[in-house]
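Engineer: Let me begin by handing over the structure; questions about it come next.
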Amino acid sequence: MHNFTFYNPTKILFGNGQIAGIAQEIPLNQRVLITYGGGSIKQNGVYAEVMAALAGHSVFEFAGIEPNPTYETLMDAVQIVKDQHIDFLLAVGGGSVIDGTKFIAAAARFEGEPWDLLAKHAPIADALPFGTVLTLPATGSEMNSYAVVTRRASQDKLAFGHPLLYPRFSVLDPNKTMTLPPRQIGNGVVDAFTHIMEQYLTYPVNAPVQDRFAEGLLLTLIEEGPKALATPENYEVRANVMWCATLALNGLIGAGVPSDWATHMIGHEITAQYGLDHAQTLAIVLPNTLDVRRTEKRAKLLQYAKRVWGLSSGDEEQRIDAAIAKTSEFFEQMGVKTWLSSYGIGAEAVDNILQQLERHGLTALGEHQDVTLATSRKILEQCVAA
């Protein structure tokens, strides 16, 4: 196991009725800006519960944060923070709303050009405190310090992070996920699954605690994900999926082990160029990344095949093939297609995406930093069609 430092200060309020607990988490004298997306929180009752919990506070609102939050939209919120002297942010929604709120928190206290936080990884010295009410389990943003933001004008989708961007608290009430459409349920499970794989399926470093923890999360998603589609009002299923998605990217299973993230970097460029959902890109790229990089990932692929999918017969190549196939089949079972062609994207996309990877300096990806543009080309070429 590698040396590591683990730090996660986010307080979790998990379960039915926990939105009311917000009242004890935000001082009464603080001016609060609620951030959210398209307004579904006003139809499903979440907004009313949040406002009831904030009774007595000075509350402002900012709506319209997109599924892939844009710099342009978020800068409007930054201006409100400054004009209204906001003290605390409360993100109510899924990972995109939370990611956008992290950018608002940092940009509102940043002295320079805010885009530099993403494009140049400018140092962060201060950030507004914020909390979250999670309505879509997927990204794990409710318990980590990272965010991804898109600049619409240049089609850049970039990530940044800082310890000051951990939420002070996050409310996870599984009941608030009951009204999600099947597409968002499937996307959430695929997103969480891939987060785990990026940290687990690299190479062995004698870290059985992290390995077994990761395998347990993967098995839980494989078991509970289809149930979430089949029985959308099952509280226990929703609770397990929600907690899995949070644990998938709160730093714990990645402590002391190598991580990959090539699938995410390639996927971000597909979203920026073609507008696919984040999880859709992951479902396309991950299986092909595993296939192209089977030599570098051989030991872990065999472990994954045996421990997660129960594959122990046949030679090693057959087991690896079967494990990758099972992964794709699971994504399809969750309603997420696994080929670019399924979304009307052809071979012409390969060069476009590679150009963006090169422009963003993403030319040495993966756990060994050996995923060159040539390797990314092989992966993308396999992604085009079955």
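Lettering and numbering for the structure tokens are positional, with chains as A, B, ... in the shown order, residues counted from 1 in each chain, and ligands counted from 1 in the shown order.
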Residues near segment 190-206 of chain A, anyone? I mean within 6 Å using only C-alpha atoms, not counting same-chain ones fewer than 3 positions away, as a tab-separated table (two decimals) with N, CA and C atoms, in the first residue's frame.
Structural biologist:
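So the final result, stored in out07.tsv, reads:
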```tsv
chain	number	residue	atom	x	y	z
A	1	MET	N	0.83	-1.19	0.00
A	1	MET	CA	0.00	0.00	0.00
A	1	MET	C	0.88	1.26	0.00
A	138	ALA	N	-24.88	10.05	-7.72
A	138	ALA	CA	-24.11	9.70	-8.92
A	138	ALA	C	-22.65	10.08	-8.77
A	187	ASN	N	-27.95	6.43	-15.19
A	187	ASN	CA	-26.74	7.24	-15.25
A	187	ASN	C	-26.02	7.28	-13.91
A	245	ALA	N	-22.94	5.49	-4.03
A	245	ALA	CA	-22.45	6.57	-4.89
A	245	ALA	C	-21.59	7.55	-4.10
A	248	ALA	N	-18.23	5.88	-3.23
A	248	ALA	CA	-17.43	5.62	-4.43
A	248	ALA	C	-16.38	6.70	-4.67
A	254	GLY	N	-9.82	5.18	-2.50
A	254	GLY	CA	-8.66	5.59	-3.28
A	254	GLY	C	-7.43	5.86	-2.44
A	259	SER	N	-4.64	5.31	-9.06
A	259	SER	CA	-5.91	5.54	-9.75
A	259	SER	C	-5.64	5.86	-11.21
A	260	ASP	N	-6.68	5.68	-12.02
A	260	ASP	CA	-6.55	5.77	-13.47
A	260	ASP	C	-7.06	7.11	-13.99
A	261	TRP	N	-8.38	7.25	-14.15
A	261	TRP	CA	-9.09	8.46	-14.59
A	261	TRP	C	-8.97	8.76	-16.08
A	279	ALA	N	-22.40	10.09	-17.71
A	279	ALA	CA	-22.41	8.63	-17.53
A	279	ALA	C	-22.47	7.89	-18.85
A	297	LYS	N	-3.35	-3.89	-17.11
A	297	LYS	CA	-4.32	-4.10	-16.04
A	297	LYS	C	-4.59	-5.59	-15.78
A	300	LYS	N	-5.32	-7.11	-12.15
A	300	LYS	CA	-6.56	-6.61	-11.55
A	300	LYS	C	-7.79	-7.04	-12.36
```
Engineer: Run DSSP on the backbone and give me the residues of segment 19-134 of chain A it puts in strand (DSSP E or B), as a list in words.
Structural biologist: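 Written out, the strand (DSSP E or B) residues of segment 19-134 of chain A are Arg31, Val32, Leu33, Ile34, Thr35, Ser58, Val59, Phe60, Glu61, Phe62, Thr70, Phe88, Leu89, Leu90, Ala91, Val92, Gly93, Phe130, Gly131, Thr132, Val133 and Leu134 of chain A.
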Engineer: So, counting only C-alpha atoms, which residue among A:Val171, A:Ala91, A:Ala214, A:Val308 is closest to Asn16 of chain A?
Structural biologist: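 So, comparing all the options, the nearest one is A:Val171.
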Engineer: Considering only C-alpha atoms, can you say which of A:Val78, A:Leu180, A:Met51, A:Val149 comes closest to Ala127 of chain A?
Structural biologist: A:Val78
Engineer: Extract, using only C-alpha atoms, all DNA, RNA and protein residues at most 10 Å from Pro69 of chain A, discarding same-chain residues fewer than 5 positions from it, and format them as a list in words.
Structural biologist: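 My list of contacting residues is Gly37, Gly64, Leu74, Gly95, Ser96, Val97, Ile98, Asp99, Gly100, Thr101, Phe103, Ala147, Val148, Val149, Thr150, Arg151, Arg152 and Lys157 of chain A.
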Engineer: Which distance in Å separates atom CA of Ala385 of chain A and atom CA of Arg298 of chain A, to one decimal?
Structural biologist: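 Separation of atom CA of Ala385 of chain A and atom CA of Arg298 of chain A: 24.3 Å.
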Engineer: If you run DSSP on the backbone here, which positions in segment 121-260 of chain A get alpha helix (DSSP H)? Please write them as a PyMOL selection string.
Structural biologist: chain A and resi 182-200+208-230+235-247
Engineer: Can you tell me which residues surround Ser312 of chain A at a distance of at most 12 Å, considering only C-alpha atoms, apart from same-chain residues fewer than 5 positions away, and format the answer as an MDAnalysis selection string?
Structural biologist: chainID A and resid 302:307 317:320 322:323
Engineer: Export, as a PDB file, in the first residue's frame, the selected residues with N, CA and C atoms.
Structural biologist:
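New file out-v3.pdb:
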```pdb
ATOM      1  N   LEU A 302      -8.151  -9.890 -13.849  1.00  0.00           N
ATOM      2  CA  LEU A 302      -8.421 -11.267 -13.436  1.00  0.00           C
ATOM      3  C   LEU A 302      -9.055 -11.304 -12.038  1.00  0.00           C
ATOM      4  N   GLN A 303      -8.572 -10.439 -11.166  1.00  0.00           N
ATOM      5  CA  GLN A 303      -9.157 -10.345  -9.825  1.00  0.00           C
ATOM      6  C   GLN A 303     -10.611  -9.873  -9.910  1.00  0.00           C
ATOM      7  N   TYR A 304     -10.857  -8.869 -10.729  1.00  0.00           N
ATOM      8  CA  TYR A 304     -12.200  -8.341 -10.960  1.00  0.00           C
ATOM      9  C   TYR A 304     -13.115  -9.427 -11.526  1.00  0.00           C
ATOM     10  N   ALA A 305     -12.606 -10.164 -12.495  1.00  0.00           N
ATOM     11  CA  ALA A 305     -13.393 -11.230 -13.110  1.00  0.00           C
ATOM     12  C   ALA A 305     -13.840 -12.253 -12.073  1.00  0.00           C
ATOM     13  N   LYS A 306     -12.916 -12.633 -11.200  1.00  0.00           N
ATOM     14  CA  LYS A 306     -13.211 -13.672 -10.222  1.00  0.00           C
ATOM     15  C   LYS A 306     -14.084 -13.165  -9.074  1.00  0.00           C
ATOM     16  N   ARG A 307     -13.678 -12.053  -8.471  1.00  0.00           N
ATOM     17  CA  ARG A 307     -14.325 -11.611  -7.238  1.00  0.00           C
ATOM     18  C   ARG A 307     -15.650 -10.893  -7.486  1.00  0.00           C
ATOM     19  N   GLU A 317      -7.317 -15.090 -20.854  1.00  0.00           N
ATOM     20  CA  GLU A 317      -7.873 -14.163 -21.842  1.00  0.00           C
ATOM     21  C   GLU A 317      -9.391 -14.289 -21.929  1.00  0.00           C
ATOM     22  N   GLN A 318      -9.885 -15.495 -21.820  1.00  0.00           N
ATOM     23  CA  GLN A 318     -11.336 -15.709 -21.864  1.00  0.00           C
ATOM     24  C   GLN A 318     -12.026 -15.063 -20.661  1.00  0.00           C
ATOM     25  N   ARG A 319     -11.384 -15.181 -19.496  1.00  0.00           N
ATOM     26  CA  ARG A 319     -11.967 -14.573 -18.297  1.00  0.00           C
ATOM     27  C   ARG A 319     -11.966 -13.052 -18.393  1.00  0.00           C
ATOM     28  N   ILE A 320     -10.896 -12.496 -18.937  1.00  0.00           N
ATOM     29  CA  ILE A 320     -10.834 -11.042 -19.114  1.00  0.00           C
ATOM     30  C   ILE A 320     -11.896 -10.589 -20.102  1.00  0.00           C
ATOM     31  N   ALA A 322     -14.672 -12.029 -20.783  1.00  0.00           N
ATOM     32  CA  ALA A 322     -15.992 -12.188 -20.178  1.00  0.00           C
ATOM     33  C   ALA A 322     -16.280 -11.086 -19.159  1.00  0.00           C
ATOM     34  N   ALA A 323     -15.252 -10.698 -18.388  1.00  0.00           N
ATOM     35  CA  ALA A 323     -15.448  -9.638 -17.390  1.00  0.00           C
ATOM     36  C   ALA A 323     -15.767  -8.299 -18.053  1.00  0.00           C
TER      37      ALA A 323
END
```
Engineer: Write out as a PyMOL selection string each polymer residue whose atoms come within 9 Å of Ile86 of chain A, counting only C-alpha atoms; drop sequence neighbours fewer than 6 positions from it.
Structural biologist: chain A and resi 30-33+60+80+128
Engineer: With all heavy atoms kept, could you save the residues just selected as a short mmCIF file (atom, residue, chain, number, x, y, z; two decimals), in the first residue's frame?
Structural biologist:
```cif
data_model
loop_
_atom_site.label_atom_id
_atom_site.label_comp_id
_atom_site.auth_asym_id
_atom_site.auth_seq_id
_atom_site.Cartn_x
_atom_site.Cartn_y
_atom_site.Cartn_z
N GLN A 30 -26.63 34.14 9.10
CA GLN A 30 -25.96 34.08 7.80
C GLN A 30 -26.96 34.21 6.66
O GLN A 30 -28.06 33.66 6.70
CB GLN A 30 -25.17 32.78 7.67
CG GLN A 30 -24.01 32.70 8.66
CD GLN A 30 -22.94 31.73 8.24
OE1 GLN A 30 -23.21 30.71 7.64
NE2 GLN A 30 -21.70 32.05 8.57
N ARG A 31 -26.54 34.95 5.63
CA ARG A 31 -27.35 35.14 4.43
C ARG A 31 -27.06 33.98 3.47
O ARG A 31 -25.90 33.74 3.11
CB ARG A 31 -27.02 36.49 3.78
CG ARG A 31 -27.41 37.65 4.66
CD ARG A 31 -26.73 38.95 4.25
NE ARG A 31 -27.19 39.45 2.96
CZ ARG A 31 -28.29 40.19 2.80
NH1 ARG A 31 -29.05 40.49 3.83
NH2 ARG A 31 -28.64 40.63 1.60
N VAL A 32 -28.11 33.27 3.09
CA VAL A 32 -27.96 32.00 2.38
C VAL A 32 -28.44 32.14 0.93
O VAL A 32 -29.51 32.69 0.67
CB VAL A 32 -28.77 30.88 3.07
CG1 VAL A 32 -28.61 29.55 2.33
CG2 VAL A 32 -28.35 30.74 4.53
N LEU A 33 -27.63 31.63 0.00
CA LEU A 33 -28.04 31.52 -1.39
C LEU A 33 -28.28 30.05 -1.71
O LEU A 33 -27.36 29.23 -1.62
CB LEU A 33 -26.98 32.08 -2.33
CG LEU A 33 -27.29 31.97 -3.83
CD1 LEU A 33 -28.49 32.84 -4.20
CD2 LEU A 33 -26.08 32.32 -4.68
N PHE A 60 -31.80 33.72 -0.43
CA PHE A 60 -31.83 34.13 -1.83
C PHE A 60 -31.76 32.87 -2.68
O PHE A 60 -31.38 31.80 -2.19
CB PHE A 60 -30.67 35.08 -2.14
CG PHE A 60 -30.65 36.31 -1.28
CD1 PHE A 60 -30.12 36.28 0.01
CD2 PHE A 60 -31.18 37.50 -1.74
CE1 PHE A 60 -30.12 37.41 0.81
CE2 PHE A 60 -31.18 38.64 -0.96
CZ PHE A 60 -30.65 38.59 0.33
N ILE A 80 -24.35 37.58 -7.89
CA ILE A 80 -25.37 37.67 -6.84
C ILE A 80 -24.73 37.54 -5.46
O ILE A 80 -25.08 38.27 -4.52
CB ILE A 80 -26.44 36.58 -7.04
CG1 ILE A 80 -27.25 36.86 -8.31
CG2 ILE A 80 -27.37 36.49 -5.83
CD1 ILE A 80 -28.22 35.77 -8.67
N LEU A 128 -16.25 30.39 0.03
CA LEU A 128 -17.46 30.46 0.85
C LEU A 128 -17.80 29.08 1.40
O LEU A 128 -17.66 28.07 0.69
CB LEU A 128 -18.63 30.95 0.01
CG LEU A 128 -18.87 32.45 -0.14
CD1 LEU A 128 -20.02 32.68 -1.10
CD2 LEU A 128 -19.17 33.09 1.20
#
```
Engineer: Using only C-alpha atoms, which residue out of A:Val241, A:Leu290, A:Leu221, A:Ala106 lies closest to Phe331 of chain A?
Structural biologist: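 For Phe331 of chain A, the nearest of the candidates is A:Leu221.
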Engineer: Go through A:Lys120, A:His278, A:Lys176, A:Lys102 one by one, measure the shortest atom-to-atom distance of each to His162 of chain A using only C-alpha atoms, and give the residue with the smallest value.
Structural biologist: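 For His162 of chain A, the nearest of the candidates is A:Lys102.
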Engineer: What does the distance between atom CA of Leu219 of chain A and atom CA of Cys244 of chain A come to in Å, to one decimal place?
Structural biologist: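 A separation of 10.2 Å between them.
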Engineer: Could you check the closest approach to Lys82 of chain A for each of A:Ala272, A:Leu362, A:Ala105, A:Ala20 and tell me which residue wins, using only C-alpha atoms?
Structural biologist: A:Ala105
Engineer: Which polymer residues have any atom within 12 Å of an atom of segment 344-349 of chain A, counting only C-alpha atoms, with same-chain residues fewer than 4 positions away left out, as number ranges by chain?
Structural biologist: A: 266, 269-276, 281, 284, 337-340, 353-356, 377-386
